[in-house]
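**Q** Okay, so here is query_29.csv, and as you'll see once you scroll down, it has CSV, C-alpha atoms and all ligand atoms.
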chain,number,residue,atom,x,y,z
A,21,MET,CA,110.7,85.3,104.9
A,22,ARG,CA,112.1,85.9,101.5
A,23,LEU,CA,110.0,85.7,98.4
A,24,SER,CA,110.8,85.7,94.8
A,25,SER,CA,109.1,87.7,92.2
A,26,LYS,CA,110.3,88.7,88.8
A,27,ASP,CA,112.5,91.8,88.8
A,28,GLN,CA,112.7,93.1,85.3
A,29,GLY,CA,116.0,95.0,85.8
A,30,PHE,CA,117.3,94.3,82.3
A,31,LYS,CA,118.6,97.9,82.0
A,32,ASN,CA,120.7,97.7,85.1
A,33,ARG,CA,122.1,94.2,84.5
A,34,PRO,CA,125.8,94.1,85.5
A,35,LYS,CA,127.9,92.9,82.6
A,36,ASN,CA,129.7,90.1,84.6
A,37,LYS,CA,126.7,88.7,86.4
A,38,LEU,CA,123.6,86.7,85.6
A,39,LEU,CA,120.4,88.6,85.4
A,40,VAL,CA,118.8,88.8,88.8
A,41,ALA,CA,115.3,87.2,88.7
A,42,THR,CA,114.2,87.7,92.3
A,43,ASP,CA,113.3,90.5,94.6
A,44,SER,CA,112.7,90.3,98.4
A,45,LEU,CA,109.7,91.0,100.6
A,46,PHE,CA,110.3,90.9,104.3
A,47,PHE,CA,107.6,89.8,106.8
A,48,TYR,CA,107.9,91.2,110.3
A,49,SER,CA,105.6,90.6,113.2
A,50,LYS,CA,105.6,91.6,116.8
A,51,THR,CA,103.6,88.6,117.9
A,52,GLU,CA,103.1,85.0,116.8
A,53,ALA,CA,99.6,85.9,115.7
A,54,GLY,CA,101.1,87.9,112.9
A,55,LYS,CA,102.5,85.0,111.0
A,56,PRO,CA,101.9,84.9,107.2
A,57,ARG,CA,98.6,83.3,106.2
A,58,ASP,CA,98.3,80.3,103.9
A,59,ILE,CA,97.3,81.5,100.5
A,60,TYR,CA,96.2,79.5,97.5
A,61,GLU,CA,96.4,79.7,93.8
A,62,HIS,CA,93.8,78.3,91.6
A,63,ARG,CA,94.9,75.9,88.9
A,64,GLU,CA,93.1,75.7,85.7
A,65,THR,CA,93.3,71.9,84.9
A,66,ASN,CA,91.1,69.1,83.8
A,67,TRP,CA,88.6,67.6,86.3
A,68,LEU,CA,89.9,64.7,88.3
A,69,THR,CA,88.0,61.7,89.6
A,70,PHE,CA,87.6,61.4,93.4
A,71,VAL,CA,90.8,60.0,94.7
A,72,HIS,CA,90.6,56.6,96.6
A,73,TYR,CA,93.3,54.4,98.1
A,74,PRO,CA,93.6,50.7,98.8
A,75,GLY,CA,92.2,49.3,102.1
A,76,VAL,CA,88.8,49.5,103.7
A,77,ARG,CA,87.9,51.9,106.4
A,78,LYS,CA,85.3,50.5,108.7
A,79,SER,CA,84.0,53.7,110.2
A,80,ASN,CA,83.1,56.9,108.4
A,81,LYS,CA,83.7,55.3,105.0
A,82,ASN,CA,81.1,57.0,102.9
A,83,ARG,CA,81.0,60.6,101.7
A,84,LEU,CA,77.9,62.7,101.4
A,85,VAL,CA,77.9,64.7,98.2
A,86,PHE,CA,75.0,66.6,96.8
A,87,GLY,CA,72.8,64.6,99.3
A,88,TYR,CA,74.1,61.3,97.8
A,89,ASN,CA,75.8,58.7,99.9
A,90,LEU,CA,78.9,58.0,98.0
A,91,GLU,CA,80.5,54.6,98.7
A,92,PRO,CA,84.2,54.0,97.8
A,93,PRO,CA,85.0,51.3,95.3
A,94,GLN,CA,85.2,47.9,96.7
A,95,GLY,CA,88.3,47.2,98.9
A,96,ARG,CA,89.3,50.9,98.9
A,97,HIS,CA,88.6,54.1,100.9
A,98,TRP,CA,88.1,57.7,99.9
A,99,GLY,CA,91.2,59.9,100.1
A,100,LEU,CA,89.3,63.1,100.9
A,101,LYS,CA,87.7,64.2,104.2
A,102,GLN,CA,84.1,65.1,104.3
A,103,GLU,CA,84.8,68.6,105.5
A,104,LEU,CA,87.1,69.3,102.5
A,105,ILE,CA,84.6,67.9,100.1
A,106,ASP,CA,81.9,70.2,101.6
A,107,HIS,CA,84.2,73.2,101.3
A,108,TRP,CA,85.0,72.4,97.7
A,109,VAL,CA,81.3,71.9,96.9
A,110,SER,CA,80.6,75.4,98.3
A,111,LYS,CA,83.3,76.7,95.9
A,112,GLY,CA,81.9,74.9,92.9
A,113,TRP,CA,84.9,72.6,92.6
A,114,VAL,CA,83.0,69.3,92.8
A,115,ARG,CA,80.6,67.9,90.2
A,116,PHE,CA,78.8,64.7,89.2
A,117,ARG,CA,79.1,64.0,85.5
A,118,CYS,CA,76.4,61.8,84.0
A,119,ARG,CA,77.8,58.7,82.4
A,120,GLY,CA,74.9,58.6,79.9
A,121,CYS,CA,74.8,62.1,78.4
A,122,GLY,CA,77.7,64.0,80.1
A,123,TYR,CA,75.4,66.4,82.0
A,124,GLU,CA,77.3,68.2,84.8
A,125,HIS,CA,75.7,68.6,88.2
A,126,TYR,CA,77.3,71.3,90.4
A,127,GLU,CA,74.8,72.2,93.2
A,128,GLY,CA,71.7,70.9,95.0
A,129,GLU,CA,70.5,67.4,95.5
A,130,TRP,CA,71.5,64.8,93.0
A,131,LYS,CA,68.4,62.8,92.0
A,132,GLY,CA,69.6,61.2,88.8
A,133,CYS,CA,70.4,63.0,85.6
A,134,PRO,CA,67.7,65.6,84.8
A,135,GLN,CA,68.6,65.4,81.1
A,136,CYS,CA,68.7,61.6,80.3
A,137,GLY,CA,67.4,60.1,83.6
A,138,SER,CA,70.5,58.0,84.1
A,139,CYS,CA,71.6,57.3,87.6
A,140,GLU,CA,75.1,56.5,86.6
A,141,PHE,CA,77.6,59.3,87.2
A,142,ILE,CA,81.3,60.0,87.8
A,143,PRO,CA,82.1,62.1,90.9
A,144,GLU,CA,84.8,64.6,89.9
A,145,LEU,CA,86.7,67.5,91.4
A,146,LYS,CA,88.8,70.3,90.2
A,147,ASN,CA,92.5,70.1,90.7
A,148,PRO,CA,92.6,71.7,94.2
A,149,PRO,CA,94.1,75.1,94.6
A,150,LYS,CA,97.8,75.0,95.1
A,151,LYS,CA,99.3,76.4,98.4
A,152,ILE,CA,101.5,79.3,97.4
A,153,ASP,CA,105.1,79.1,98.5
A,154,SER,CA,107.9,81.7,98.3
A,155,ASN,CA,108.2,81.4,94.6
A,156,TRP,CA,106.0,84.2,93.1
A,157,THR,CA,107.5,84.3,89.7
A,158,ASN,CA,104.3,83.4,88.1
A,159,ILE,CA,102.8,86.8,88.7
A,160,GLN,CA,103.9,90.2,87.5
A,161,SER,CA,105.8,92.4,89.8
A,162,TYR,CA,105.7,95.6,87.8
A,163,SER,CA,102.8,96.7,85.6
A,164,GLN,CA,103.6,97.9,82.1
A,165,ASP,CA,102.7,101.5,82.5
A,166,PRO,CA,104.8,103.9,80.4
A,167,ALA,CA,103.6,106.8,82.5
A,168,PHE,CA,105.0,105.2,85.7
A,169,PRO,CA,107.9,102.8,85.2
A,170,THR,CA,108.1,101.7,88.8
A,171,ARG,CA,104.4,101.0,89.2
A,172,ASN,CA,103.8,97.7,90.9
A,173,ALA,CA,101.3,95.3,89.5
A,174,GLU,CA,98.1,95.0,91.6
A,175,ASP,CA,98.5,91.2,91.5
A,176,LEU,CA,101.6,91.5,93.6
A,177,LEU,CA,99.9,93.7,96.2
A,178,LYS,CA,97.0,91.4,96.2
A,179,ARG,CA,99.2,88.5,97.2
A,180,VAL,CA,100.9,90.5,99.9
A,181,TYR,CA,97.6,91.6,101.4
A,182,GLU,CA,96.2,88.0,101.3
A,183,ALA,CA,99.3,86.7,103.0
A,184,ALA,CA,99.6,89.4,105.7
A,185,SER,CA,96.2,91.0,106.3
A,186,ALA,CA,92.5,90.5,106.5
A,187,GLU,CA,89.5,92.5,105.4
A,188,GLY,CA,89.2,95.7,107.5
A,189,ASP,CA,92.9,95.7,108.4
A,190,LEU,CA,94.9,98.9,108.0
A,191,VAL,CA,97.7,98.9,105.5
A,192,MET,CA,100.2,101.8,105.0
A,193,ASP,CA,102.5,102.8,102.1
A,194,PHE,CA,104.9,105.6,102.9
A,195,PHE,CA,106.1,105.8,99.3
A,196,LEU,CA,102.9,105.7,97.2
A,197,GLY,CA,104.4,106.3,93.8
A,198,SER,CA,101.5,105.6,91.4
A,199,GLY,CA,99.2,104.5,94.3
A,200,THR,CA,99.1,100.7,93.6
A,201,ALA,CA,99.1,99.9,97.2
A,202,THR,CA,96.1,102.0,98.0
A,203,ALA,CA,94.3,101.0,94.8
A,204,ALA,CA,94.6,97.3,95.7
A,205,ALA,CA,93.8,97.9,99.3
A,206,GLN,CA,90.6,99.7,98.4
A,207,LYS,CA,89.6,96.9,96.1
A,208,MET,CA,90.4,94.3,98.8
A,209,LYS,CA,88.4,96.1,101.5
A,210,ARG,CA,91.5,97.0,103.6
A,211,LYS,CA,91.7,100.4,105.2
A,212,TRP,CA,94.7,102.4,104.0
A,213,ILE,CA,97.0,105.3,104.6
A,214,GLY,CA,99.3,106.5,101.8
A,215,VAL,CA,102.0,109.1,101.8
A,216,GLU,CA,103.6,110.7,98.8
A,217,MET,CA,105.7,113.8,98.5
A,218,GLY,CA,105.8,114.2,94.7
A,219,ASP,CA,103.5,116.4,92.6
A,220,HIS,CA,102.4,113.3,90.8
A,221,PHE,CA,100.1,112.7,93.9
A,222,ASN,CA,97.8,115.3,92.3
A,223,THR,CA,98.3,114.3,88.7
A,224,TYR,CA,98.4,110.5,89.1
A,225,VAL,CA,97.5,109.0,92.5
A,226,LEU,CA,94.5,111.2,93.1
A,227,PRO,CA,92.8,110.6,89.7
A,228,ARG,CA,93.6,106.9,90.0
A,229,MET,CA,92.0,106.6,93.4
A,230,LYS,CA,89.0,108.5,92.2
A,231,ARG,CA,88.7,106.0,89.3
A,232,VAL,CA,89.0,103.1,91.7
A,233,LEU,CA,86.2,104.4,93.8
A,234,ALA,CA,84.2,104.8,90.6
A,235,GLY,CA,84.6,101.1,90.0
A,236,GLU,CA,87.4,100.9,87.4
A,237,GLN,CA,88.0,97.4,86.1
A,238,THR,CA,91.8,97.2,85.6
A,239,GLY,CA,94.3,95.2,87.7
A,240,ILE,CA,92.7,92.9,90.2
A,241,SER,CA,89.2,94.3,89.9
A,242,LYS,CA,87.7,91.3,88.1
A,243,GLU,CA,89.4,88.8,90.4
A,244,VAL,CA,88.1,90.4,93.5
A,245,ASN,CA,84.8,91.4,91.9
A,246,TRP,CA,85.4,95.1,92.6
A,247,GLN,CA,82.3,97.2,92.0
A,248,GLY,CA,83.5,100.5,93.3
A,249,GLY,CA,82.5,102.5,96.3
A,250,GLY,CA,84.0,103.9,99.5
A,251,PHE,CA,85.6,107.2,100.3
A,252,PHE,CA,88.9,108.7,101.3
A,253,LYS,CA,90.3,111.9,102.6
A,254,TYR,CA,93.6,113.5,101.7
A,255,CYS,CA,95.5,116.4,103.1
A,256,GLU,CA,98.7,118.2,102.5
A,257,LEU,CA,101.3,118.4,105.3
A,258,GLU,CA,102.8,121.8,105.3
A,259,GLN,CA,106.5,122.5,105.9
A,260,TYR,CA,107.0,124.3,109.2
A,261,GLU,CA,108.6,127.2,107.3
A,262,ASP,CA,105.7,127.5,104.9
A,263,THR,CA,103.3,127.6,107.8
A,264,LEU,CA,105.3,130.3,109.5
A,265,SER,CA,105.6,132.4,106.4
A,266,LYS,CA,101.8,132.4,106.1
A,267,VAL,CA,101.2,133.3,109.7
A,268,GLU,CA,99.6,136.7,110.1
A,269,CYS,CA,100.5,138.5,113.2
A,270,ASP,CA,100.4,142.3,113.7
A,271,THR,CA,102.8,143.0,116.4
A,272,PHE,CA,105.0,140.0,116.8
A,273,LEU,CA,106.1,138.1,113.7
A,274,ALA,CA,105.1,140.3,110.9
A,275,ASP,CA,107.1,143.3,111.9
A,276,GLN,CA,110.5,144.0,113.3
A,277,VAL,CA,109.3,144.2,116.9
A,278,MET,CA,110.2,140.5,117.1
A,279,THR,CA,113.8,141.1,116.7
A,280,PRO,CA,114.4,143.1,119.9
A,281,ARG,CA,112.2,140.7,121.7
A,282,VAL,CA,114.7,137.9,121.2
A,283,THR,CA,117.6,140.0,121.8
A,284,PRO,CA,119.8,138.2,124.2
A,285,GLN,CA,118.7,138.5,127.8
A,286,ILE,CA,120.4,136.7,130.6
A,287,GLN,CA,117.8,134.3,131.8
A,288,ALA,CA,119.8,131.9,134.1
A,289,ASN,CA,118.1,128.6,135.0
A,290,GLN,CA,115.4,129.0,132.5
A,291,SER,CA,115.2,125.8,130.5
A,292,ILE,CA,113.1,124.5,127.7
A,293,PRO,CA,111.4,121.3,128.6
A,294,TYR,CA,112.7,119.3,125.6
A,295,GLU,CA,116.0,117.7,124.9
A,296,ASP,CA,117.9,118.2,121.6
A,297,VAL,CA,116.2,121.4,120.8
A,298,ASP,CA,117.5,123.1,117.6
A,299,ILE,CA,118.0,126.5,119.1
A,300,PRO,CA,119.6,128.2,116.0
A,301,GLY,CA,116.8,126.6,113.7
A,302,SER,CA,114.1,127.8,116.1
A,303,LEU,CA,115.6,131.3,116.2
A,304,SER,CA,115.8,131.3,112.4
A,305,CYS,CA,112.2,130.4,112.1
A,306,LEU,CA,111.2,133.0,114.7
A,307,THR,CA,113.1,135.8,113.0
A,308,GLY,CA,112.5,134.7,109.5
A,309,LYS,CA,116.2,135.0,108.7
A,310,TRP,CA,118.4,132.4,107.0
A,311,ILE,CA,121.4,131.2,109.0
A,312,ARG,CA,124.9,132.1,107.8
A,313,LYS,CA,127.0,130.5,110.5
A,314,ILE,CA,126.5,128.6,113.8
A,315,THR,CA,129.3,128.8,116.4
A,316,PRO,CA,129.1,127.7,120.0
A,317,GLY,CA,126.8,130.0,121.8
A,318,GLU,CA,125.9,132.1,118.8
A,319,VAL,CA,124.0,132.1,115.5
A,320,GLU,CA,124.8,134.5,112.8
A,321,PHE,CA,122.1,135.3,110.2
A,322,GLN,CA,122.5,136.3,106.6
A,323,ASP,CA,121.9,140.0,107.3
A,324,GLY,CA,124.9,140.0,109.7
A,325,SER,CA,122.8,140.1,112.9
A,326,LYS,CA,123.8,137.7,115.7
A,327,LEU,CA,121.9,136.1,118.5
A,328,ASN,CA,123.3,134.4,121.6
A,329,THR,CA,122.0,130.8,121.7
A,330,ASP,CA,122.9,130.3,125.4
A,331,ASN,CA,121.3,133.2,127.0
A,332,PHE,CA,118.0,134.6,125.7
A,333,ASP,CA,114.5,134.7,126.8
A,334,ARG,CA,113.5,131.1,126.2
A,335,GLU,CA,109.9,131.6,126.9
A,336,LEU,CA,109.7,133.5,123.6
A,337,ILE,CA,111.0,130.6,121.6
A,338,LYS,CA,108.9,127.9,123.2
A,339,PRO,CA,106.0,128.0,120.6
A,340,PHE,CA,108.5,127.8,117.7
A,341,ILE,CA,110.8,125.1,118.9
A,342,ARG,CA,112.3,122.8,116.3
A,343,TRP,CA,114.0,119.6,117.2
B,401,LIG,C1,109.5,103.7,93.5
B,401,LIG,S1,108.2,104.8,93.8
B,401,LIG,C2,107.0,103.7,94.5
B,401,LIG,C3,106.2,102.9,93.4
B,401,LIG,C4,105.0,102.2,93.9
B,401,LIG,N1,105.3,101.0,94.6
B,401,LIG,C5,104.0,102.0,92.8
B,401,LIG,O1,103.5,100.9,92.7
B,401,LIG,O2,103.8,102.9,92.0
B,401,LIG,C6,108.7,105.7,95.3
B,401,LIG,C7,107.9,106.9,95.6
B,401,LIG,O3,108.2,107.3,96.9
B,401,LIG,C8,108.2,108.7,96.9
B,401,LIG,N2,109.0,109.2,98.0
B,401,LIG,C9,110.3,109.1,98.2
B,401,LIG,N3,110.7,109.7,99.4
B,401,LIG,C10,109.5,110.0,100.0
B,401,LIG,C11,109.3,110.6,101.3
B,401,LIG,N4,110.2,110.9,102.1
B,401,LIG,N5,108.0,110.9,101.6
B,401,LIG,C12,107.0,110.5,100.8
B,401,LIG,N6,107.2,110.0,99.5
B,401,LIG,C13,108.4,109.7,99.2
B,401,LIG,C14,108.7,109.2,95.5
B,401,LIG,O4,108.2,110.4,95.2
B,401,LIG,C15,108.1,108.1,94.7
B,401,LIG,O5,106.9,108.4,94.1
Just dump the structure as structure tokens.
**A**
Amino acid sequence: MRLSSKDQGFKNRPKNKLLVATDSLFFYSKTEAGKPRDIYEHRETNWLTFVHYPGVRKSNKNRLVFGYNLEPPQGRHWGLKQELIDHWVSKGWVRFRCRGCGYEHYEGEWKGCPQCGSCEFIPELKNPPKKIDSNWTNIQSYSQDPAFPTRNAEDLLKRVYEAASAEGDLVMDFFLGSGTATAAAQKMKRKWIGVEMGDHFNTYVLPRMKRVLAGEQTGISKEVNWQGGGFFKYCELEQYEDTLSKVECDTFLADQVMTPRVTPQIQANQSIPYEDVDIPGSLSCLTGKWIRKITPGEVEFQDGSKLNTDNFDRELIKPFIRW
């Protein structure tokens, strides 16, 4: 599925091409059940009268609205099914407008106009919501945040979540940036996992998510009636080298005893139970020495020392294997 949404790439506009106005979102699913959901957009327009068409329907011709048995005009039939009318009534998209004084009735039984007593009314409905197609150019794609130029608009994420997930589903963004994906997910009651490697996780994403939980009212908050709440956990994944450098070990890693221990020893037929093991990398981690050169069967470290990568005590390296 390819969708359009405004890409404001004015800066990068090639001189000999038209300005690109679209961007692409791809929808993948392992099963049929994962197809995009129908989503709708509300249209703010005038109220319309109930649509009716020529011809008489003998059965099921009336519609029950606000407890009132509505007959179609003579020689015609209603264009809307009862179920749809019921649904729209529940949304507040149907009303009776009093012909006498203009009073508008939106819910409960209609027993004549409570204002002027007239029984004459016009049944009306809002222009029904429009099914959203692949043209998303009517919403913002980027939010105008000078502190974060690539920050997506929450509107865009809202639409993505509506089309591809339900409340309680898990969404994941591997490149959080400013954290729009997680902010919108929290507001839309999706579970989420976000990943970010930049320091702005601490200075931007984390404060933003705390504000979201506290009920901030920017972005889609009003639309989804966001009141705040929830919790999240975050953790920092450490580099293997960082972890190793922080390990405290009296007799093995922390002193030079380790070096003799990985001194080549012929250990024929002793194998490490993984494929594609990075032996030089593992030895570098184990010894804490930077690699200068790797040649077949040998790794040379910055201090000039060398280790045989074919024949050494592989049991030693097992806990430090890198692959
Ligand atoms: C273009 S920004 C994403 C903007 C985001 N959609 C928003 O609304 O703010 C991409 C982000 O991915 C992060 N990133 C890039 N490579 C990464 C990686 N390998 N692991 C985690 N984050 C990464 C960058 O630090 C950057 O913040």
**Q** Which residues are close to Leu257 of chain A, i.e. within 12 Å by all atoms listed in the file, leaving aside same-chain residues fewer than 3 positions away? Reply as a count of residues only.
**A** 8
**Q** Which of these residues is nearest to ligand LIG 401 (chain B), using all atoms listed in the file: A:Gly199, A:Gly120, A:Pro300, A:Gly317?
**A**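 Among the listed residues, A:Gly199 lies closest to ligand LIG 401 (chain B).
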**Q** Quick one: residues within 10 Å of ligand LIG 401 (chain B), with only C-alpha atoms and all ligand atoms, as a PDB file with C-alpha atoms, in the frame of the given file?
**A**
ATOM      1  CA  SER A 161     105.800  92.400  89.800  1.00  0.00           C
ATOM      2  CA  TYR A 162     105.700  95.600  87.800  1.00  0.00           C
ATOM      3  CA  SER A 163     102.800  96.700  85.600  1.00  0.00           C
ATOM      4  CA  ASP A 165     102.700 101.500  82.500  1.00  0.00           C
ATOM      5  CA  PHE A 168     105.000 105.200  85.700  1.00  0.00           C
ATOM      6  CA  PRO A 169     107.900 102.800  85.200  1.00  0.00           C
ATOM      7  CA  THR A 170     108.100 101.700  88.800  1.00  0.00           C
ATOM      8  CA  ARG A 171     104.400 101.000  89.200  1.00  0.00           C
ATOM      9  CA  ASN A 172     103.800  97.700  90.900  1.00  0.00           C
ATOM     10  CA  ALA A 173     101.300  95.300  89.500  1.00  0.00           C
ATOM     11  CA  GLU A 174      98.100  95.000  91.600  1.00  0.00           C
ATOM     12  CA  LEU A 176     101.600  91.500  93.600  1.00  0.00           C
ATOM     13  CA  LEU A 177      99.900  93.700  96.200  1.00  0.00           C
ATOM     14  CA  ASP A 193     102.500 102.800 102.100  1.00  0.00           C
ATOM     15  CA  PHE A 194     104.900 105.600 102.900  1.00  0.00           C
ATOM     16  CA  PHE A 195     106.100 105.800  99.300  1.00  0.00           C
ATOM     17  CA  LEU A 196     102.900 105.700  97.200  1.00  0.00           C
ATOM     18  CA  GLY A 197     104.400 106.300  93.800  1.00  0.00           C
ATOM     19  CA  SER A 198     101.500 105.600  91.400  1.00  0.00           C
ATOM     20  CA  GLY A 199      99.200 104.500  94.300  1.00  0.00           C
ATOM     21  CA  THR A 200      99.100 100.700  93.600  1.00  0.00           C
ATOM     22  CA  ALA A 201      99.100  99.900  97.200  1.00  0.00           C
ATOM     23  CA  THR A 202      96.100 102.000  98.000  1.00  0.00           C
ATOM     24  CA  ALA A 203      94.300 101.000  94.800  1.00  0.00           C
ATOM     25  CA  GLY A 214      99.300 106.500 101.800  1.00  0.00           C
ATOM     26  CA  VAL A 215     102.000 109.100 101.800  1.00  0.00           C
ATOM     27  CA  GLU A 216     103.600 110.700  98.800  1.00  0.00           C
ATOM     28  CA  MET A 217     105.700 113.800  98.500  1.00  0.00           C
ATOM     29  CA  GLY A 218     105.800 114.200  94.700  1.00  0.00           C
ATOM     30  CA  ASP A 219     103.500 116.400  92.600  1.00  0.00           C
ATOM     31  CA  HIS A 220     102.400 113.300  90.800  1.00  0.00           C
ATOM     32  CA  PHE A 221     100.100 112.700  93.900  1.00  0.00           C
ATOM     33  CA  TYR A 224      98.400 110.500  89.100  1.00  0.00           C
ATOM     34  CA  VAL A 225      97.500 109.000  92.500  1.00  0.00           C
TER      35      VAL A 225
END
**Q** Please write as a list in words the list of polymer residues whose atoms come within 12 Å of (100.2, 82.4, 107.4), counting only C-alpha atoms and keeping to the coordinates of the file.
**A** Met21, Phe47, Ser49, Glu52, Ala53, Gly54, Lys55, Pro56, Arg57, Asp58, Ile59, Tyr60, Lys151, Ile152, Asp153, Ser154, Arg179, Val180, Tyr181, Glu182, Ala183, Ala184, Ser185 and Ala186 of chain A
**Q** Using only C-alpha atoms, pick whichever of A:Ser302, A:Gly137, A:Trp98, A:Val191 has the shortest atom-to-atom distance to Ile213 of chain A.
**A** A:Val191
**Q** As a PyMOL selection string, please: the residues near Lys78 of chain A (cut-off 12 Å, only C-alpha atoms, same-chain neighbours under 5 positions excluded).
**A** chain A and resi 91-92+95-98
**Q** Measure the distance from atom CA of Val76 of chain A to atom CA of Gln94 of chain A in Å and round it to one decimal.
**A** 8.0 Å
**Q** Calculated over only C-alpha atoms, which of the candidates A:Arg119, A:Arg63, A:Lys111, A:Lys178 has the smallest distance to Ile142 of chain A?
**A** A:Arg119
**Q** Please indicate the distance in Å from atom CA of Gly249 of chain A to atom CA of Ser110 of chain A, rounded to one decimal place.
**A**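 Distance between the two atoms: 27.2 Å.
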**Q** When distances are computed from all atoms listed in the file, which of A:Trp130, A:Phe116, A:Tyr123, A:Phe70 shows the smallest separation from Gly99 of chain A?
**A** A:Phe70
**Q** Which residue, A:Trp113, A:Phe251, A:Trp310, A:Tyr73, has the smallest gap to Leu100 of chain A when you use all atoms listed in the file?
**A** A:Tyr73
**Q** How many Å lie between atom CA of Leu68 of chain A and atom CA of Glu124 of chain A, rounded to one decimal?
**A**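 Distance reported for this atom pair: 13.5 Å.
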